[in-house]
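Chemist: Take a look at the following structure, please.
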Amino acid sequence: QVQLVESGGGLVQAGGSLRLSCVASGRIIATYGMGWFRQAPEKERDLVAAINWDGSNSYYVDSVKGRFTISRDNVKNTLYLEMTSLKPEDTAVYYCAADVNWKPTYSGYREEYAAWGQGTQVTVSS
């Protein structure tokens with residue numbers, strides 16, 4: 001069983017930057033597709049960015065393209081989300097998740113992510 005712990009959230013002004021980290025333990029994540037999701041109050045938990053097992057392919061929702069960068073360090077068993085030019089609409093709880101069934105590319109489906117972290121709050125003030 002893989003455990004995921006996110007960190008790096010906080011309060012930032014619009015236009016600012018944050019770097020989220022997700023450290024995995026219990027399993028090596030090198031063969032897992034990984035994703036960052038976010039959930040704002042009274043909204044669904046949506047995929048923001050995803051990356052395949054070796055980092056060669058990635059996905060971004062349109063609203064964050066050019067501002068967010070997902071990356072992974074399989075030696076450190078860690079997933080990252082670099083967020084720049086933050087906007088108030090980016091405010092949400094951010095979750096990292098692991099797709100524990102190997103596939104050559106990332107999954108775009110929330111239900112395929114079996115392991116989840118507890119989330120980290122990101123608040124962007126205007």
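Chains: A, B, ... in order of the structure tokens. Residues: from 1 per chain. Ligands: from 1, in order shown.
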Find the nearest atom pair between each residue of region 34-72 of chain A and region 86-100 of chain A for residues within 8 Å, count only C-alpha atoms, give distances in Å to one decimal, sort rows by chain and ascending number, and present the table as JSON lines.
Modeler:
{"residue": "A:Met34", "atom": "CA", "partner": "A:Ala98", "partner_atom": "CA", "distance": 4.6}
{"residue": "A:Gly35", "atom": "CA", "partner": "A:Ala97", "partner_atom": "CA", "distance": 5.2}
{"residue": "A:Trp36", "atom": "CA", "partner": "A:Cys96", "partner_atom": "CA", "distance": 4.5}
{"residue": "A:Phe37", "atom": "CA", "partner": "A:Tyr95", "partner_atom": "CA", "distance": 5.1}
{"residue": "A:Arg38", "atom": "CA", "partner": "A:Tyr94", "partner_atom": "CA", "distance": 4.3}
{"residue": "A:Gln39", "atom": "CA", "partner": "A:Ala92", "partner_atom": "CA", "distance": 5.2}
{"residue": "A:Ala40", "atom": "CA", "partner": "A:Ala92", "partner_atom": "CA", "distance": 4.3}
{"residue": "A:Pro41", "atom": "CA", "partner": "A:Ala92", "partner_atom": "CA", "distance": 7.3}
{"residue": "A:Arg67", "atom": "CA", "partner": "A:Leu86", "partner_atom": "CA", "distance": 7.7}
Chemist: I want to know what sits within 6 Å of region 13-27 of chain A, based on only C-alpha atoms, with residues of the same chain fewer than 3 positions away left out; could you give that as a list in words?
Modeler: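 Using only C-alpha atoms, the neighbours found are Gln1, Val2, Gln3, Leu4, Val5, Glu6, Ser7, Gly8, Asn77, Thr78, Leu79, Tyr80, Leu81, Glu82, Met83, Thr84, Ser85, Leu86, Lys87, Val124, Ser125 and Ser126 of chain A.
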Chemist: Could you tell me how far CA of Lys43 (chain A) sits from CA of Ser107 (chain A), in Å to one decimal place?
Modeler: 20.9 Å
Chemist: What residues in chain A get the DSSP label strand (DSSP E)? Please answer as number ranges by chain.
Modeler: A: 3-7, 10-13, 18-25, 33-39, 45-51, 58-60, 68-73, 78-83, 92-99, 115-116, 120-125
